[in-house]
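Data from data.txt: compact mmCIF, C-alpha atoms
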```txt
# COMPACT_ATOMS: atom_id res chain seq x y z
CA MET V 1 65.61 -34.50 -14.18
CA LYS V 2 65.41 -38.04 -15.56
CA LYS V 3 68.16 -39.21 -17.89
CA THR V 4 65.70 -39.81 -20.72
CA ASN V 5 64.32 -36.25 -20.43
CA LEU V 6 67.85 -34.82 -20.31
CA LEU V 7 68.86 -36.82 -23.34
CA ALA V 8 65.77 -35.68 -25.24
CA LEU V 9 66.51 -32.04 -24.39
CA ILE V 10 70.12 -32.37 -25.62
CA VAL V 11 68.97 -33.99 -28.85
CA PHE V 12 66.39 -31.20 -29.35
CA VAL V 13 68.96 -28.42 -28.78
CA VAL V 14 71.50 -30.09 -31.12
CA ALA V 15 68.86 -30.58 -33.79
CA LEU V 16 67.68 -27.01 -33.43
CA GLY V 17 71.28 -25.76 -33.78
CA TYR V 18 71.81 -27.94 -36.80
CA VAL V 19 68.70 -26.53 -38.42
CA PHE V 20 69.86 -22.97 -37.83
CA VAL V 21 73.27 -23.83 -39.35
CA LEU V 22 71.86 -25.43 -42.48
CA LEU V 23 69.11 -22.93 -43.10
CA LYS V 24 69.69 -19.71 -44.92
CA PRO V 25 69.47 -16.45 -42.93
CA ASN V 26 65.96 -15.68 -44.21
CA ALA V 27 64.75 -19.14 -43.31
CA VAL V 28 66.36 -18.88 -39.88
CA ARG V 29 64.51 -15.65 -39.23
CA THR V 30 61.28 -17.24 -40.35
CA VAL V 31 61.76 -20.14 -37.95
CA GLN V 32 62.70 -17.77 -35.14
CA SER V 33 59.60 -15.68 -35.75
CA GLU V 34 57.38 -18.74 -35.71
CA VAL V 35 58.96 -19.97 -32.48
CA MET V 36 58.43 -16.55 -30.87
CA ARG V 37 54.83 -16.49 -32.05
CA VAL V 38 54.17 -19.85 -30.43
CA LEU V 39 55.96 -18.99 -27.20
CA SER V 40 54.68 -15.39 -26.93
CA PRO V 41 51.47 -16.16 -24.93
CA PHE V 42 53.46 -18.21 -22.43
CA ILE V 43 56.07 -15.47 -22.08
CA LYS V 44 53.38 -12.81 -21.46
CA ALA V 45 51.53 -14.98 -18.97
CA GLY V 46 54.72 -15.65 -17.10
CA ALA V 47 55.55 -11.93 -16.97
CA VAL V 48 52.09 -11.03 -15.60
CA THR V 49 52.29 -13.76 -12.98
CA GLU V 50 55.75 -12.64 -11.97
CA THR V 51 54.53 -9.02 -11.57
CA GLU V 52 51.53 -10.05 -9.46
CA VAL V 53 53.62 -12.26 -7.21
CA LYS V 54 56.22 -9.51 -6.82
CA HIS V 55 53.50 -6.95 -5.93
CA ALA V 56 51.92 -9.31 -3.42
CA VAL V 57 55.26 -9.97 -1.78
CA GLU V 58 56.30 -6.32 -1.70
CA THR V 59 52.86 -5.09 -0.41
CA PRO V 60 52.07 -6.75 2.90
CA VAL V 61 48.36 -6.81 3.96
CA ASP V 62 47.59 -4.36 6.78
CA ILE V 63 44.70 -5.97 8.70
CA ASN V 64 44.06 -2.84 10.77
CA SER V 65 43.88 -0.69 7.65
CA LEU V 66 41.44 -3.09 6.03
CA ARG V 67 39.32 -3.06 9.19
CA ARG V 68 39.23 0.76 9.22
CA ASP V 69 38.29 0.88 5.54
CA ASN V 70 35.51 -1.61 6.19
CA GLU V 71 34.15 0.50 9.06
CA VAL V 72 34.14 3.61 6.87
CA LEU V 73 32.25 1.74 4.16
CA GLN V 74 29.76 0.44 6.72
CA GLN V 75 29.09 3.99 7.94
CA LYS V 76 28.55 5.19 4.37
CA VAL V 77 26.10 2.36 3.72
CA GLU V 78 24.17 3.22 6.90
CA ARG V 79 23.99 6.91 5.94
CA LEU V 80 22.77 6.05 2.45
CA SER V 81 20.15 3.74 3.94
CA ILE V 82 18.90 6.57 6.19
CA PHE V 83 18.76 8.97 3.23
CA ALA V 84 16.81 6.38 1.23
CA GLN V 85 14.29 5.93 4.05
CA LYS V 86 13.82 9.69 4.45
CA TYR V 87 13.33 10.03 0.70
CA GLU V 88 10.66 7.32 0.72
CA GLN V 89 8.89 9.01 3.66
CA LEU V 90 8.94 12.41 1.95
CA LEU V 91 7.68 10.88 -1.29
CA GLU V 92 4.86 9.08 0.51
CA GLU V 93 3.87 12.24 2.42
CA ASN V 94 3.99 14.31 -0.76
CA ASN V 95 1.72 11.84 -2.54
CA LYS V 96 -0.67 11.87 0.41
CA PHE V 97 -0.89 15.68 0.50
CA ARG V 98 -1.32 15.80 -3.27
CA ALA V 99 -4.25 13.38 -3.03
CA MET V 100 -5.77 15.49 -0.25
CA LEU V 101 -5.40 18.69 -2.28
CA ASN V 102 -7.01 17.05 -5.32
CA TYR V 103 -9.87 15.81 -3.15
CA ARG V 104 -10.32 19.28 -1.67
CA LYS V 105 -10.63 20.78 -5.17
CA LEU V 106 -13.20 18.21 -6.27
CA THR V 107 -15.38 17.98 -3.16
CA PRO V 108 -18.51 20.18 -2.89
CA PHE V 109 -17.92 20.69 0.84
CA LYS V 110 -16.17 23.59 2.56
CA LEU V 111 -13.29 21.98 4.41
CA THR V 112 -10.85 22.80 7.17
CA ALA V 113 -7.65 20.76 7.11
CA ALA V 114 -6.54 19.45 10.53
CA ARG V 115 -4.00 17.09 12.02
CA VAL V 116 -4.46 14.51 14.73
CA LEU V 117 -2.69 15.76 17.87
CA ARG V 118 -3.11 12.75 20.08
CA ARG V 119 -5.24 9.75 20.95
CA SER V 120 -5.63 7.95 24.25
CA ALA V 121 -4.64 4.32 24.67
CA SER V 122 -7.87 3.72 26.58
CA ASN V 123 -10.10 4.96 23.72
CA TRP V 124 -7.90 4.24 20.69
CA TRP V 125 -10.86 3.31 18.47
CA THR V 126 -13.33 5.92 19.74
CA THR V 127 -11.82 9.43 19.82
CA VAL V 128 -8.94 11.59 18.60
CA ILE V 129 -7.97 15.21 19.28
CA LEU V 130 -7.46 17.63 16.38
CA ASP V 131 -5.30 20.77 16.23
CA LYS V 132 -8.20 22.98 15.09
CA GLY V 133 -11.13 24.38 17.09
CA SER V 134 -13.86 27.01 17.22
CA MET V 135 -11.47 29.77 16.18
CA ASP V 136 -11.04 27.84 12.92
CA GLY V 137 -14.77 27.64 12.23
CA ILE V 138 -15.26 24.18 13.77
CA GLY V 139 -18.31 23.45 15.89
CA THR V 140 -19.97 20.44 17.47
CA ASP V 141 -21.30 17.68 15.20
CA CYS V 142 -19.19 18.65 12.17
CA PRO V 143 -18.48 15.66 9.91
CA VAL V 144 -14.81 14.67 9.73
CA ILE V 145 -13.55 13.02 6.55
CA THR V 146 -10.45 12.14 4.54
CA ASP V 147 -9.99 11.66 0.81
CA VAL V 148 -10.66 7.97 1.51
CA GLY V 149 -13.90 8.16 3.47
CA LEU V 150 -15.77 9.16 6.62
CA VAL V 151 -13.83 9.43 9.89
CA GLY V 152 -16.55 10.53 12.34
CA LYS V 153 -17.88 13.77 13.78
CA THR V 154 -16.67 16.45 16.17
CA GLY V 155 -17.73 16.38 19.81
CA LYS V 156 -16.36 18.76 22.43
CA VAL V 157 -14.71 21.80 20.84
CA ALA V 158 -12.24 24.28 22.38
CA LEU V 159 -10.72 27.40 20.86
CA HIS V 160 -7.86 25.60 19.11
CA THR V 161 -8.64 21.90 19.53
CA ALA V 162 -11.57 19.57 18.88
CA GLU V 163 -12.44 16.05 19.95
CA VAL V 164 -13.62 13.69 17.23
CA MET V 165 -15.92 10.75 17.83
CA LEU V 166 -14.71 8.10 15.38
CA LEU V 167 -16.97 6.05 13.16
CA THR V 168 -15.80 2.96 15.06
CA ASP V 169 -17.41 4.30 18.27
CA GLU V 170 -20.67 2.50 18.94
CA GLU V 171 -22.28 5.87 19.75
CA CYS V 172 -21.52 7.21 16.25
CA ARG V 173 -24.50 6.41 14.00
CA VAL V 174 -24.78 7.09 10.27
CA ALA V 175 -27.74 6.57 7.94
CA ALA V 176 -26.27 4.42 5.17
CA ARG V 177 -27.15 2.73 1.90
CA VAL V 178 -25.61 -0.19 0.01
CA GLU V 179 -24.52 0.63 -3.52
CA GLY V 180 -26.44 -1.18 -6.27
CA THR V 181 -29.37 -2.06 -4.00
CA GLN V 182 -32.32 -0.39 -2.29
CA ALA V 183 -31.01 -1.51 1.10
CA LYS V 184 -30.70 1.19 3.75
CA GLY V 185 -29.84 0.96 7.43
CA ILE V 186 -27.98 2.51 10.34
CA LEU V 187 -24.21 2.08 10.46
CA THR V 188 -22.57 2.03 13.90
CA GLY V 189 -19.28 1.02 15.43
CA GLU V 190 -18.92 -1.89 17.78
CA ARG V 191 -16.93 -2.28 20.93
CA GLY V 192 -13.51 -3.83 20.28
CA GLY V 193 -10.22 -4.50 22.04
CA LEU V 194 -7.26 -2.17 21.84
CA GLU V 195 -5.34 -4.49 19.52
CA VAL V 196 -8.29 -5.52 17.34
CA ARG V 197 -9.43 -3.25 14.53
CA PRO V 198 -13.22 -3.24 14.95
CA ASP V 199 -15.62 -3.65 12.05
CA LEU V 200 -18.81 -1.64 11.60
CA ARG V 201 -22.35 -3.00 11.81
CA LEU V 202 -25.01 -1.99 9.29
CA ARG V 203 -28.28 -2.76 11.07
CA PHE V 204 -32.04 -2.67 10.33
CA LEU V 205 -31.66 -3.89 6.76
CA ASP V 206 -34.43 -5.62 4.82
CA ARG V 207 -33.83 -9.32 5.45
CA THR V 208 -34.79 -10.11 1.82
CA ALA V 209 -32.16 -7.76 0.41
CA LYS V 210 -29.57 -9.19 -1.95
CA ILE V 211 -26.28 -7.89 -0.52
CA GLU V 212 -23.02 -9.46 -1.61
CA PRO V 213 -19.59 -9.21 0.10
CA GLY V 214 -17.56 -6.38 -1.41
CA ALA V 215 -20.55 -4.08 -1.96
CA LYS V 216 -19.72 -0.46 -1.13
CA VAL V 217 -21.57 1.43 1.59
CA TYR V 218 -22.20 5.21 1.47
CA SER V 219 -23.82 7.73 3.78
CA TYR V 220 -27.50 8.30 2.97
CA GLY V 221 -27.86 11.91 4.15
CA VAL V 222 -31.28 12.02 5.83
CA ASP V 223 -32.90 15.39 6.55
CA GLY V 224 -31.70 16.83 9.81
CA GLY V 225 -28.81 14.42 10.01
CA VAL V 226 -25.19 15.28 10.69
CA PHE V 227 -23.58 13.53 7.74
CA PRO V 228 -23.99 14.59 4.09
CA ALA V 229 -24.96 12.03 1.48
CA GLY V 230 -22.49 10.19 -0.70
CA VAL V 231 -19.53 9.86 1.69
CA TYR V 232 -17.83 6.47 1.40
CA LEU V 233 -18.08 4.43 4.61
CA GLY V 234 -16.66 1.01 3.76
CA LYS V 235 -17.45 -2.29 2.07
CA VAL V 236 -19.56 -5.24 3.11
CA LYS V 237 -17.73 -8.26 4.54
CA SER V 238 -20.76 -10.44 5.28
CA PHE V 239 -24.57 -10.31 5.35
CA GLN V 240 -26.68 -12.02 8.04
CA PRO V 241 -30.51 -12.19 7.84
CA ARG V 242 -32.25 -12.15 11.26
CA ASP V 243 -35.80 -12.91 12.40
CA ILE V 244 -37.19 -9.45 11.69
CA SER V 245 -34.42 -7.55 9.87
CA ALA V 246 -30.86 -8.21 8.75
CA GLU V 247 -27.45 -6.73 9.35
CA ALA V 248 -24.12 -6.63 7.60
CA SER V 249 -20.53 -6.52 8.81
CA VAL V 250 -18.70 -3.63 7.13
CA GLU V 251 -14.96 -3.03 6.85
CA PRO V 252 -14.27 0.71 7.35
CA ALA V 253 -12.89 2.64 4.39
CA VAL V 254 -10.49 4.54 6.66
CA ASP V 255 -7.63 2.83 8.49
CA PHE V 256 -8.13 4.52 11.86
CA SER V 257 -4.86 3.15 13.25
CA LEU V 258 -2.93 5.28 10.71
CA LEU V 259 -5.05 8.42 11.00
CA GLU V 260 -2.96 11.61 10.81
CA ASP V 261 -4.53 14.24 8.52
CA VAL V 262 -8.25 14.91 8.12
CA PHE V 263 -10.77 17.44 6.83
CA VAL V 264 -13.55 18.92 8.95
CA VAL V 265 -16.66 19.82 6.98
CA GLN V 266 -17.38 23.50 7.70
CA LEU V 267 -20.49 24.62 9.49
CA GLU V 268 -23.05 26.50 7.42
CA GLY V 269 -21.65 29.95 6.74
CA GLY V 270 -18.13 28.96 7.87
CA GLU V 271 -15.06 29.82 5.87
CA SER V 272 -12.73 27.32 4.27
CA LYS V 273 -9.28 27.28 5.82
```

Once more with this new file: its structure as structure tokens, please.
Amino acid sequence: MKKTNLLALIVFVVALGYVFVLLKPNAVRTVQSEVMRVLSPFIKAGAVTETEVKHAVETPVDINSLRRDNEVLQQKVERLSIFAQKYEQLLEENNKFRAMLNYRKLTPFKLTAARVLRRSASNWWTTVILDKGSMDGIGTDCPVITDVGLVGKTGKVALHTAEVMLLTDEECRVAARVEGTQAKGILTGERGGLEVRPDLRLRFLDRTAKIEPGAKVYSYGVDGGVFPAGVYLGKVKSFQPRDISAEASVEPAVDFSLLEDVFVVQLEGGESK
């Protein structure tokens, strides 16, 4: 400590003692109380710091223990993440089934619910196999739909399975109309690659028709046809007039890559399942 600081400290102590000697007892207590009030925050802070330092010194950090605790926490986080994913999947599936049930109540058709069993990589966009067949009231050329729109029609049928020709198959043809216009044509699939979701082609349209992108396309339901009227097929992407007629590119209403649950429209006289 510097001599000047030491001298100042001595002078301060002497002066403080002198004050305590001269002052009356009540005044001394008043001064002492004021000094304690001023120094109290510093005393408390020093005590807390001393306790923390003492605890840190007396409690050495166990790296292995910290590592184990971290691993346990990581496992808990992973389990919670799995539970959250399962919950989201169940919620999504529940909402999907609820929408299907509501659609089934509102539709005028007699329906058989079915699930997609499998689909071949070589004909991903043309056919699927369902888990229902002739024993469930399903026959050949039964329309297959979802609550979103038309899927296709049944082909070969066994006792407990049925093949479905998808709307994206170029052999699947549907008489169709464009909403808000008098335009009518034949909707077909078009050949596409395995990794490219094919559009539909609405052909034989009046070349003078006024068809805008976004217009909705529905089945027309001609006499003797397979498909009933009023089933949603998709929406127009583009319209191209040709020399004699015109055609439109149509985005399907159904996402065939995610197809899992469908309804088969019952044959005449069939029972709803």

Shell around Pro241 of chain V at 9 Å using only C-alpha atoms, local window under 4 positions removed, as a PyMOL selection string: chain V and resi 205-209+245-248

May I have the selected residues written with C-alpha atoms, as a PDB file, in the frame of the given file?
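What ended up in selection_37.pdb:
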```pdb
ATOM      1  CA  LEU V 205     -31.660  -3.890   6.760  1.00  0.00           C
ATOM      2  CA  ASP V 206     -34.430  -5.620   4.820  1.00  0.00           C
ATOM      3  CA  ARG V 207     -33.830  -9.320   5.450  1.00  0.00           C
ATOM      4  CA  THR V 208     -34.790 -10.110   1.820  1.00  0.00           C
ATOM      5  CA  ALA V 209     -32.160  -7.760   0.410  1.00  0.00           C
ATOM      6  CA  SER V 245     -34.420  -7.550   9.870  1.00  0.00           C
ATOM      7  CA  ALA V 246     -30.860  -8.210   8.750  1.00  0.00           C
ATOM      8  CA  GLU V 247     -27.450  -6.730   9.350  1.00  0.00           C
ATOM      9  CA  ALA V 248     -24.120  -6.630   7.600  1.00  0.00           C
TER      10      ALA V 248
END
```

Shell of 6 Å around Val164 of chain V, all atoms listed in the file, local chain residues under 6 positions omitted, as a list of chain:residue names: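 Once the adjacent positions are removed, what remains is V:Thr127, V:Val128, V:Lys153, V:Thr154, V:Gly155.
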
Nearby residues (only C-alpha atoms) at most 7 Å from Leu202 of chain V, same-chain spacing under 2 positions excluded, as a ChimeraX atom specification: /V:185-188,200,247-250

Please, could you write that set of residues out with C-alpha atoms as an mmCIF file, in the frame of the given file?
```
data_model
loop_
_atom_site.group_PDB
_atom_site.id
_atom_site.type_symbol
_atom_site.label_atom_id
_atom_site.label_comp_id
_atom_site.auth_asym_id
_atom_site.auth_seq_id
_atom_site.Cartn_x
_atom_site.Cartn_y
_atom_site.Cartn_z
ATOM 1 C CA GLY V 185 -29.840 0.960 7.430
ATOM 2 C CA ILE V 186 -27.980 2.510 10.340
ATOM 3 C CA LEU V 187 -24.210 2.080 10.460
ATOM 4 C CA THR V 188 -22.570 2.030 13.900
ATOM 5 C CA LEU V 200 -18.810 -1.640 11.600
ATOM 6 C CA GLU V 247 -27.450 -6.730 9.350
ATOM 7 C CA ALA V 248 -24.120 -6.630 7.600
ATOM 8 C CA SER V 249 -20.530 -6.520 8.810
ATOM 9 C CA VAL V 250 -18.700 -3.630 7.130
#
```

Counting only C-alpha atoms, the residue of V:Leu66, V:Ile82, V:Leu166, V:Val222 that sits nearest Lys184 of chain V: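 Between V:Leu66, V:Ile82, V:Leu166, V:Val222, the residue approaching Lys184 of chain V most closely is V:Val222.
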
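For the choices V:Leu130, V:Ala113, V:Ile211, V:Leu80, the atom-to-atom distance to Gln266 of chain V is smallest for V:Ala113 when using all atoms listed in the file.
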
Excluding Gly221 of chain V and any residue of its chain fewer than 6 positions from it, enumerate the residues within 12 Å of it, using all atoms listed in the file, and give them as a PDB file with C-alpha atoms, keeping the file's coordinate frame.
```
ATOM      1  CA  PRO V 143     -18.480  15.660   9.910  1.00  0.00           C
ATOM      2  CA  ARG V 173     -24.500   6.410  14.000  1.00  0.00           C
ATOM      3  CA  VAL V 174     -24.780   7.090  10.270  1.00  0.00           C
ATOM      4  CA  ALA V 175     -27.740   6.570   7.940  1.00  0.00           C
ATOM      5  CA  ALA V 176     -26.270   4.420   5.170  1.00  0.00           C
ATOM      6  CA  ARG V 177     -27.150   2.730   1.900  1.00  0.00           C
ATOM      7  CA  LYS V 184     -30.700   1.190   3.750  1.00  0.00           C
ATOM      8  CA  GLY V 185     -29.840   0.960   7.430  1.00  0.00           C
ATOM      9  CA  ILE V 186     -27.980   2.510  10.340  1.00  0.00           C
ATOM     10  CA  PHE V 227     -23.580  13.530   7.740  1.00  0.00           C
ATOM     11  CA  PRO V 228     -23.990  14.590   4.090  1.00  0.00           C
ATOM     12  CA  ALA V 229     -24.960  12.030   1.480  1.00  0.00           C
ATOM     13  CA  GLY V 230     -22.490  10.190  -0.700  1.00  0.00           C
ATOM     14  CA  VAL V 231     -19.530   9.860   1.690  1.00  0.00           C
ATOM     15  CA  TYR V 232     -17.830   6.470   1.400  1.00  0.00           C
TER      16      TYR V 232
END
```

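Atom pair atom CA of Leu117 of chain V / atom CA of Leu259 of chain V: separated by 10.3 Å.
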
Residues within 12 Å of Met165 of chain V, please, as JSON, numbers by chain. Count only C-alpha atoms; anything in the same chain fewer than 5 positions from it doesn't count. {"V": [119, 123, 124, 125, 126, 127, 128, 129, 130, 140, 141, 142, 143, 144, 145, 150, 151, 152, 153, 154, 155, 156, 157, 170, 171, 172, 173, 188, 189, 256]}

Please indicate the distance in Å from atom CA of Glu260 of chain V to atom CA of Thr161 of chain V, rounded to one decimal place.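 Computing it gives 14.6 Å between the two atoms.
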
Counting only C-alpha atoms, which residue out of V:Val226, V:Ile244, V:Val178, V:Val262 sits closest to Pro213 of chain V?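 Among the listed residues, the smallest separation from Pro213 of chain V belongs to V:Val178.
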
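Of the residues under consideration (V:Leu233, V:Ile63, V:Leu258, V:Val264), V:Val264 shows the shortest atom-to-atom contact distance to Gly137 of chain V when counting all atoms listed in the file.
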
Atom CA of Phe239 of chain V to atom CA of Lys210 of chain V, distance in Å rounded to a single decimal: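 For atom CA of Phe239 of chain V relative to atom CA of Lys210 of chain V, the distance reads 8.9 Å.
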
Add whatever atoms are absent from segment 197-211 of chain V to reach N, CA and C atoms, and provide the output as a short mmCIF file (atom, residue, chain, number, x, y, z; two decimals), keeping the file's coordinate frame.
```
data_model
loop_
_atom_site.label_atom_id
_atom_site.label_comp_id
_atom_site.auth_asym_id
_atom_site.auth_seq_id
_atom_site.Cartn_x
_atom_site.Cartn_y
_atom_site.Cartn_z
N ARG V 197 -8.75 -4.28 15.32
CA ARG V 197 -9.43 -3.25 14.53
C ARG V 197 -10.89 -3.64 14.38
N PRO V 198 -11.81 -2.85 14.97
CA PRO V 198 -13.22 -3.24 14.95
C PRO V 198 -13.85 -3.00 13.59
N ASP V 199 -14.82 -3.86 13.24
CA ASP V 199 -15.62 -3.65 12.05
C ASP V 199 -16.83 -2.78 12.42
N LEU V 200 -17.58 -2.40 11.41
CA LEU V 200 -18.81 -1.64 11.60
C LEU V 200 -19.99 -2.58 11.39
N ARG V 201 -21.14 -2.19 11.97
CA ARG V 201 -22.35 -3.00 11.81
C ARG V 201 -23.42 -2.16 11.13
N LEU V 202 -23.91 -2.65 9.99
CA LEU V 202 -25.01 -1.99 9.29
C LEU V 202 -26.30 -2.73 9.65
N ARG V 203 -27.10 -2.10 10.49
CA ARG V 203 -28.28 -2.76 11.07
C ARG V 203 -29.58 -2.27 10.43
N PHE V 204 -30.68 -3.00 10.75
CA PHE V 204 -32.04 -2.67 10.33
C PHE V 204 -32.21 -2.73 8.81
N LEU V 205 -31.52 -3.68 8.19
CA LEU V 205 -31.66 -3.89 6.76
C LEU V 205 -32.85 -4.80 6.47
N ASP V 206 -33.38 -4.70 5.27
CA ASP V 206 -34.43 -5.62 4.82
C ASP V 206 -33.82 -7.01 4.72
N ARG V 207 -34.42 -7.98 5.41
CA ARG V 207 -33.83 -9.32 5.45
C ARG V 207 -33.89 -10.02 4.10
N THR V 208 -34.71 -9.50 3.16
CA THR V 208 -34.79 -10.11 1.82
C THR V 208 -33.83 -9.44 0.83
N ALA V 209 -33.07 -8.48 1.31
CA ALA V 209 -32.16 -7.76 0.41
C ALA V 209 -31.08 -8.69 -0.11
N LYS V 210 -30.64 -8.43 -1.33
CA LYS V 210 -29.57 -9.19 -1.95
C LYS V 210 -28.27 -8.39 -1.83
N ILE V 211 -27.51 -8.64 -0.79
CA ILE V 211 -26.28 -7.89 -0.52
C ILE V 211 -25.10 -8.85 -0.55
#
```
